[in-house]
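Structure record follows, encoded as structure tokens.
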Amino acid sequence: MSIRRLRSSPKMMGDVNTVTEELKNIYYKRLLPIEKYCAFHHFHMPSYEDADFDSKPMVLVMGQYSTGKTTFIRYLIEQDFPGSRVGPEPTTDCFSAVMYGDKEGIIPGNALTVDPKKPFRNLGPFGNSFLNRFQCVQMPNQVLESISIIDTPGILTAAKRKLSRGYDYPAVLRWFAERVDRIILLFDAHKLEFSDELTRAFGSLCGYEDKLRVVLNKADRVDSQQLMRVYGALMWSLGKVFRTPEILRVYIGSFWSEPRQMCDHYQLIELEEEDLLSDIRNLPRNAAVRKLNDLVKRARLVRAHAHIISYLKQEMPTIFCKESKKHNLIYQLPVIFHKIQQQHRVPAGDFPDCAKMQEKLLGHNFSKFKTLKPSLMASLDKLLTTDIANLVPLLQLQETKKKSLPGMLDGDLLGTFRREHYRRDPFKELTRDDDGSEADFDEWIVEKYKPKYDEIFYNLSPNAGKLSGSKVKQWMTTTLLPNSVLAHVWRLSDVDGDGMLDNEEFALAVHLIEGKLEGHWLPRELPSHLVPPSKRLSTASEEE
């Protein structure tokens, strides 16, 4: 698939911007006035800003220390990012927002809270203890053009539970959970431990189970019997924490770009990897739908909150016994919830958590609450019935012009080595945007290793001077590199896009694989000096 096809056309971006602008208009015109009127922001989440609507899809990566969080991010973006460290000890001690930028750089937390273009302005109330441990890492990366990734500190184990972070860690997690599109929760197949802080972190994710993806990482380091036992223990533990009738999906994998250890469940790891990467790859497609869903969920909560505040105001006495009446109303809040459900037909699922609402009400003066304004409630009802319905055609139009993440996360690349894709010309529209002046290099760096690579090539019995995809795949998989990496090597090596490799293209593929095995990152696009000499003239003419 062509990288150009994956980039947003002006018309498609116009459709996306139209949906975003309509969501902004609905929020500022219909929802924000009633939020301010009923003091919604004092009890629940702060108001939305432009950056909350304009931001790219975000992925929150969390888990205990040494479960592979930072390595997972490096695996997704195919390169290191400033400030990243990997090790068996707790190496990530801060929240890092990994985002796209023209130049590499790190923006500290306090500066982020005053940047109107970043969706982090409402993190200020968590204080300096948190902001000193929050940063934004900006870097030029093609994957980051479509999504942003939040790296988190490792969740403390039972042995370290007495240590204090200096800020409300579960509350920060919940703030991000409300705003991200996907939550990746990593566990290590070697050490499955549920600490107190992990349990509290689970509590901050309640209500956002639809965004959660659980990953049992490093699964190639255990045998099948151990994996079965660890998987069963994890499912049992998750069932106790997330009390939902649906069972959470647990992905089994080994998410890094290095060769995996051969094991009995190697094929299972590959299939699970494809499923999870496909899920992440679809995030840009569904970004507008997610924002619309969050807006509707927020509007329903605002409606329930407005009825609660109005009821409490009406029940308060004018002069005497205000304090005793306040405490009595707080004690009877579950009954009040039920009355509002019956009188105003508000679904029970729209109400906030009763215990948390009771706790927050203790610090408020009920006399300052306001009763409902019919005009505001009518505007809110119009949002939920008419305005949202009018956006559906725009979303359907956008659905026909989807885009997904480029490079290693491309679905066609992941499918290159699957049986149904053994066909000629799998990437016939492959193009490059390389600088043509670099194509004039006379020396081909692979040439000096070609005799060694040719021996492998001819041992695989080429037909008419070329190897089919099935033969190349059979040899490539012996390297034990992930299929997503091998698929990227195939796309780079099949320069003429005919679905087969000649001796020069195969030599290029082996050269790229050897570089990857030595720890180097693969290029996103094939540099001109690596283009085989016989392909340089045709490549240059295609670009013209």
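Within each chain, counting starts at residue 1; across the structure tokens, chains are named A, B, ... in the order shown, with ligands numbered 1 upward in that order.
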Residues of region 221-294 of chain A classed as alpha helix (DSSP H) by DSSP on the backbone are to be reported as a VMD selection string. chain A and resid 224 to 241 266 to 281 287 to 294
Can I get the selected residues back with N, CA and C atoms, as a compact mmCIF listing (two decimals), in the first residue's frame?
```txt
# COMPACT_ATOMS: atom_id res chain seq x y z
N SER A 224 4.33 -23.51 27.18
CA SER A 224 2.88 -23.50 27.01
C SER A 224 2.15 -23.83 28.31
N GLN A 225 2.71 -24.75 29.10
CA GLN A 225 2.05 -25.10 30.36
C GLN A 225 2.07 -23.93 31.34
N GLN A 226 3.21 -23.26 31.44
CA GLN A 226 3.28 -22.09 32.32
C GLN A 226 2.37 -20.97 31.82
N LEU A 227 2.33 -20.78 30.50
CA LEU A 227 1.48 -19.73 29.93
C LEU A 227 0.01 -19.99 30.26
N MET A 228 -0.42 -21.23 30.16
CA MET A 228 -1.81 -21.58 30.45
C MET A 228 -2.15 -21.25 31.90
N ARG A 229 -1.24 -21.55 32.81
CA ARG A 229 -1.49 -21.28 34.23
C ARG A 229 -1.51 -19.78 34.52
N VAL A 230 -0.54 -19.05 33.93
CA VAL A 230 -0.50 -17.60 34.15
C VAL A 230 -1.73 -16.93 33.56
N TYR A 231 -2.13 -17.37 32.37
CA TYR A 231 -3.31 -16.80 31.73
C TYR A 231 -4.57 -17.03 32.57
N GLY A 232 -4.72 -18.24 33.11
CA GLY A 232 -5.88 -18.54 33.96
C GLY A 232 -5.88 -17.70 35.22
N ALA A 233 -4.69 -17.54 35.84
CA ALA A 233 -4.60 -16.73 37.06
C ALA A 233 -4.92 -15.27 36.78
N LEU A 234 -4.47 -14.77 35.63
CA LEU A 234 -4.74 -13.38 35.27
C LEU A 234 -6.24 -13.16 35.03
N MET A 235 -6.89 -14.06 34.31
CA MET A 235 -8.31 -13.93 34.05
C MET A 235 -9.11 -13.98 35.36
N TRP A 236 -8.71 -14.85 36.27
CA TRP A 236 -9.41 -14.96 37.56
C TRP A 236 -9.25 -13.66 38.36
N SER A 237 -8.04 -13.11 38.37
CA SER A 237 -7.79 -11.87 39.13
C SER A 237 -8.54 -10.70 38.51
N LEU A 238 -8.55 -10.61 37.18
CA LEU A 238 -9.27 -9.52 36.53
C LEU A 238 -10.77 -9.62 36.77
N GLY A 239 -11.28 -10.85 36.82
CA GLY A 239 -12.71 -11.04 37.09
C GLY A 239 -13.12 -10.54 38.47
N LYS A 240 -12.22 -10.60 39.43
CA LYS A 240 -12.52 -10.10 40.78
C LYS A 240 -12.50 -8.58 40.83
N VAL A 241 -11.67 -7.95 39.99
CA VAL A 241 -11.53 -6.49 40.02
C VAL A 241 -12.60 -5.81 39.18
N TYR A 266 4.17 -20.12 19.39
CA TYR A 266 4.72 -19.04 18.57
C TYR A 266 3.67 -18.49 17.61
N GLN A 267 2.89 -19.37 16.96
CA GLN A 267 1.89 -18.91 16.01
C GLN A 267 0.78 -18.13 16.71
N LEU A 268 0.42 -18.55 17.92
CA LEU A 268 -0.59 -17.82 18.70
C LEU A 268 -0.11 -16.40 18.97
N ILE A 269 1.15 -16.22 19.33
CA ILE A 269 1.70 -14.88 19.60
C ILE A 269 1.59 -14.01 18.35
N GLU A 270 1.88 -14.58 17.18
CA GLU A 270 1.80 -13.80 15.94
C GLU A 270 0.37 -13.35 15.66
N LEU A 271 -0.59 -14.26 15.84
CA LEU A 271 -1.99 -13.91 15.58
C LEU A 271 -2.50 -12.86 16.56
N GLU A 272 -2.11 -12.98 17.83
CA GLU A 272 -2.52 -12.00 18.83
C GLU A 272 -1.90 -10.63 18.53
N GLU A 273 -0.66 -10.64 18.07
CA GLU A 273 0.00 -9.39 17.70
C GLU A 273 -0.77 -8.69 16.58
N GLU A 274 -1.16 -9.44 15.57
CA GLU A 274 -1.90 -8.85 14.46
C GLU A 274 -3.22 -8.25 14.93
N ASP A 275 -3.92 -8.96 15.84
CA ASP A 275 -5.21 -8.47 16.34
C ASP A 275 -5.03 -7.15 17.09
N LEU A 276 -4.04 -7.07 17.99
CA LEU A 276 -3.86 -5.87 18.79
C LEU A 276 -3.40 -4.69 17.92
N LEU A 277 -2.46 -4.93 17.02
CA LEU A 277 -1.99 -3.85 16.16
C LEU A 277 -3.09 -3.35 15.23
N SER A 278 -3.94 -4.25 14.77
CA SER A 278 -5.07 -3.83 13.94
C SER A 278 -6.02 -2.94 14.73
N ASP A 279 -6.21 -3.27 16.00
CA ASP A 279 -7.07 -2.46 16.86
C ASP A 279 -6.49 -1.05 17.03
N ILE A 280 -5.19 -0.96 17.28
CA ILE A 280 -4.55 0.34 17.42
C ILE A 280 -4.55 1.09 16.10
N ARG A 281 -4.33 0.36 15.01
CA ARG A 281 -4.28 0.98 13.69
C ARG A 281 -5.59 1.67 13.32
N ALA A 287 -11.71 8.13 15.53
CA ALA A 287 -11.49 9.23 16.47
C ALA A 287 -12.73 10.09 16.64
N ALA A 288 -13.37 10.47 15.53
CA ALA A 288 -14.55 11.33 15.62
C ALA A 288 -15.71 10.61 16.31
N VAL A 289 -15.84 9.33 16.05
CA VAL A 289 -16.91 8.55 16.70
C VAL A 289 -16.67 8.50 18.21
N ARG A 290 -15.41 8.33 18.61
CA ARG A 290 -15.10 8.30 20.04
C ARG A 290 -15.41 9.63 20.71
N LYS A 291 -15.07 10.74 20.05
CA LYS A 291 -15.35 12.06 20.62
C LYS A 291 -16.85 12.29 20.73
N LEU A 292 -17.59 11.85 19.73
CA LEU A 292 -19.05 11.96 19.78
C LEU A 292 -19.61 11.12 20.92
N ASN A 293 -19.09 9.92 21.09
CA ASN A 293 -19.55 9.04 22.16
C ASN A 293 -19.28 9.65 23.53
N ASP A 294 -18.08 10.22 23.70
CA ASP A 294 -17.74 10.84 24.98
C ASP A 294 -18.61 12.06 25.26
```
Exercise: Phe242 (chain A) partners within 10 Å, only C-alpha atoms, chain neighbours under 4 positions left out, as a list in words: Phe202, Gly203, Leu205, Cys206, Gly207, Glu209, Ser237, Leu238, Glu246, Ile247 and Leu248 of chain A
Interatomic distance, CA of Lys382 (chain A) to CA of Leu395 (chain A) (Å, one decimal): 19.0 Å
I'd like to know which of A:Thr113, A:Thr71, A:Ser96, A:Gln64 is closest to Asp196 (chain A), using only C-alpha atoms.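 Checking each of A:Thr113, A:Thr71, A:Ser96, A:Gln64 against Asp196 (chain A), counting only C-alpha atoms, the winner is A:Gln64.
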Among the residues A:Asp168, A:Glu447, A:Glu104, A:Asp188, the one that comes closest to Ser129 (chain A) [using only C-alpha atoms]: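 Among the listed residues, the smallest separation from Ser129 (chain A) belongs to A:Asp168.
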So that I can check the secondary structure, give me every residue of region 98-245 of chain A assigned strand (DSSP E or B) by backbone DSSP, as a PyMOL selection string. chain A and resi 98-100+105-108+134-139+148-151+155+182-188+212-217
Those same residues - N, CA and C atoms - I'd like them written as a PDB file, in the first residue's frame.
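Written out: result_17.pdb:
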```pdb
ATOM      1  N   VAL A  98       4.167  11.200  24.430  1.00  0.00           N
ATOM      2  CA  VAL A  98       4.996  11.099  23.227  1.00  0.00           C
ATOM      3  C   VAL A  98       4.155  11.567  22.046  1.00  0.00           C
ATOM      4  N   MET A  99       4.507  12.724  21.466  1.00  0.00           N
ATOM      5  CA  MET A  99       3.689  13.361  20.444  1.00  0.00           C
ATOM      6  C   MET A  99       4.551  13.772  19.256  1.00  0.00           C
ATOM      7  N   TYR A 100       3.880  14.092  18.169  1.00  0.00           N
ATOM      8  CA  TYR A 100       4.589  14.503  16.951  1.00  0.00           C
ATOM      9  C   TYR A 100       5.092  15.946  17.091  1.00  0.00           C
ATOM     10  N   GLY A 105      12.397  17.270  21.108  1.00  0.00           N
ATOM     11  CA  GLY A 105      12.476  18.156  22.257  1.00  0.00           C
ATOM     12  C   GLY A 105      11.581  17.678  23.373  1.00  0.00           C
ATOM     13  N   ILE A 106      11.826  18.186  24.575  1.00  0.00           N
ATOM     14  CA  ILE A 106      11.039  17.835  25.753  1.00  0.00           C
ATOM     15  C   ILE A 106      10.451  19.104  26.351  1.00  0.00           C
ATOM     16  N   ILE A 107       9.128  19.095  26.553  1.00  0.00           N
ATOM     17  CA  ILE A 107       8.438  20.230  27.167  1.00  0.00           C
ATOM     18  C   ILE A 107       8.059  19.832  28.595  1.00  0.00           C
ATOM     19  N   PRO A 108       8.484  20.575  29.628  1.00  0.00           N
ATOM     20  CA  PRO A 108       8.145  20.209  31.013  1.00  0.00           C
ATOM     21  C   PRO A 108       6.667  20.416  31.313  1.00  0.00           C
ATOM     22  N   PHE A 134       5.834  15.184  34.901  1.00  0.00           N
ATOM     23  CA  PHE A 134       5.067  15.096  33.662  1.00  0.00           C
ATOM     24  C   PHE A 134       5.801  15.873  32.581  1.00  0.00           C
ATOM     25  N   GLN A 135       5.892  15.292  31.384  1.00  0.00           N
ATOM     26  CA  GLN A 135       6.604  15.943  30.299  1.00  0.00           C
ATOM     27  C   GLN A 135       5.998  15.517  28.969  1.00  0.00           C
ATOM     28  N   CYS A 136       6.244  16.320  27.965  1.00  0.00           N
ATOM     29  CA  CYS A 136       5.815  16.002  26.600  1.00  0.00           C
ATOM     30  C   CYS A 136       7.065  15.828  25.752  1.00  0.00           C
ATOM     31  N   VAL A 137       7.193  14.663  25.138  1.00  0.00           N
ATOM     32  CA  VAL A 137       8.319  14.376  24.250  1.00  0.00           C
ATOM     33  C   VAL A 137       7.829  14.548  22.819  1.00  0.00           C
ATOM     34  N   GLN A 138       8.412  15.501  22.104  1.00  0.00           N
ATOM     35  CA  GLN A 138       8.040  15.745  20.710  1.00  0.00           C
ATOM     36  C   GLN A 138       9.146  15.245  19.796  1.00  0.00           C
ATOM     37  N   MET A 139       8.747  14.628  18.680  1.00  0.00           N
ATOM     38  CA  MET A 139       9.724  14.093  17.746  1.00  0.00           C
ATOM     39  C   MET A 139       9.060  13.853  16.400  1.00  0.00           C
ATOM     40  N   SER A 148      -1.063   9.920  19.511  1.00  0.00           N
ATOM     41  CA  SER A 148      -0.130  10.278  20.578  1.00  0.00           C
ATOM     42  C   SER A 148      -0.154   9.160  21.614  1.00  0.00           C
ATOM     43  N   ILE A 149       0.966   8.952  22.298  1.00  0.00           N
ATOM     44  CA  ILE A 149       1.096   7.839  23.246  1.00  0.00           C
ATOM     45  C   ILE A 149       1.524   8.395  24.599  1.00  0.00           C
ATOM     46  N   ILE A 150       0.863   7.929  25.657  1.00  0.00           N
ATOM     47  CA  ILE A 150       1.187   8.359  27.026  1.00  0.00           C
ATOM     48  C   ILE A 150       1.887   7.224  27.746  1.00  0.00           C
ATOM     49  N   ASP A 151       3.150   7.417  28.080  1.00  0.00           N
ATOM     50  CA  ASP A 151       3.911   6.455  28.885  1.00  0.00           C
ATOM     51  C   ASP A 151       3.729   6.814  30.357  1.00  0.00           C
ATOM     52  N   ILE A 155       3.560   0.795  37.997  1.00  0.00           N
ATOM     53  CA  ILE A 155       2.755   0.643  39.210  1.00  0.00           C
ATOM     54  C   ILE A 155       3.567  -0.123  40.244  1.00  0.00           C
ATOM     55  N   ARG A 182      -7.593   4.653  23.802  1.00  0.00           N
ATOM     56  CA  ARG A 182      -7.295   3.262  24.102  1.00  0.00           C
ATOM     57  C   ARG A 182      -6.389   3.195  25.319  1.00  0.00           C
ATOM     58  N   ILE A 183      -6.610   2.202  26.182  1.00  0.00           N
ATOM     59  CA  ILE A 183      -5.782   1.970  27.371  1.00  0.00           C
ATOM     60  C   ILE A 183      -5.149   0.593  27.229  1.00  0.00           C
ATOM     61  N   ILE A 184      -3.819   0.548  27.172  1.00  0.00           N
ATOM     62  CA  ILE A 184      -3.089  -0.715  27.080  1.00  0.00           C
ATOM     63  C   ILE A 184      -2.543  -1.043  28.469  1.00  0.00           C
ATOM     64  N   LEU A 185      -3.019  -2.131  29.064  1.00  0.00           N
ATOM     65  CA  LEU A 185      -2.584  -2.553  30.401  1.00  0.00           C
ATOM     66  C   LEU A 185      -1.704  -3.787  30.250  1.00  0.00           C
ATOM     67  N   LEU A 186      -0.410  -3.635  30.567  1.00  0.00           N
ATOM     68  CA  LEU A 186       0.573  -4.696  30.347  1.00  0.00           C
ATOM     69  C   LEU A 186       0.836  -5.495  31.611  1.00  0.00           C
ATOM     70  N   PHE A 187       0.926  -6.812  31.457  1.00  0.00           N
ATOM     71  CA  PHE A 187       1.351  -7.717  32.525  1.00  0.00           C
ATOM     72  C   PHE A 187       2.525  -8.543  32.020  1.00  0.00           C
ATOM     73  N   ASP A 188       3.396  -8.940  32.948  1.00  0.00           N
ATOM     74  CA  ASP A 188       4.561  -9.758  32.623  1.00  0.00           C
ATOM     75  C   ASP A 188       4.211 -11.224  32.894  1.00  0.00           C
ATOM     76  N   LEU A 212     -10.242  -0.450  27.318  1.00  0.00           N
ATOM     77  CA  LEU A 212      -9.143  -1.215  27.920  1.00  0.00           C
ATOM     78  C   LEU A 212      -8.781  -2.432  27.067  1.00  0.00           C
ATOM     79  N   ARG A 213      -7.477  -2.625  26.873  1.00  0.00           N
ATOM     80  CA  ARG A 213      -6.935  -3.817  26.229  1.00  0.00           C
ATOM     81  C   ARG A 213      -5.834  -4.371  27.136  1.00  0.00           C
ATOM     82  N   VAL A 214      -6.011  -5.584  27.616  1.00  0.00           N
ATOM     83  CA  VAL A 214      -5.050  -6.211  28.529  1.00  0.00           C
ATOM     84  C   VAL A 214      -4.078  -7.053  27.716  1.00  0.00           C
ATOM     85  N   VAL A 215      -2.788  -6.899  28.008  1.00  0.00           N
ATOM     86  CA  VAL A 215      -1.750  -7.606  27.261  1.00  0.00           C
ATOM     87  C   VAL A 215      -0.895  -8.410  28.236  1.00  0.00           C
ATOM     88  N   LEU A 216      -0.790  -9.718  27.988  1.00  0.00           N
ATOM     89  CA  LEU A 216       0.131 -10.578  28.738  1.00  0.00           C
ATOM     90  C   LEU A 216       1.423 -10.633  27.929  1.00  0.00           C
ATOM     91  N   ASN A 217       2.391  -9.833  28.329  1.00  0.00           N
ATOM     92  CA  ASN A 217       3.603  -9.615  27.542  1.00  0.00           C
ATOM     93  C   ASN A 217       4.683 -10.641  27.884  1.00  0.00           C
TER      94      ASN A 217
END
```
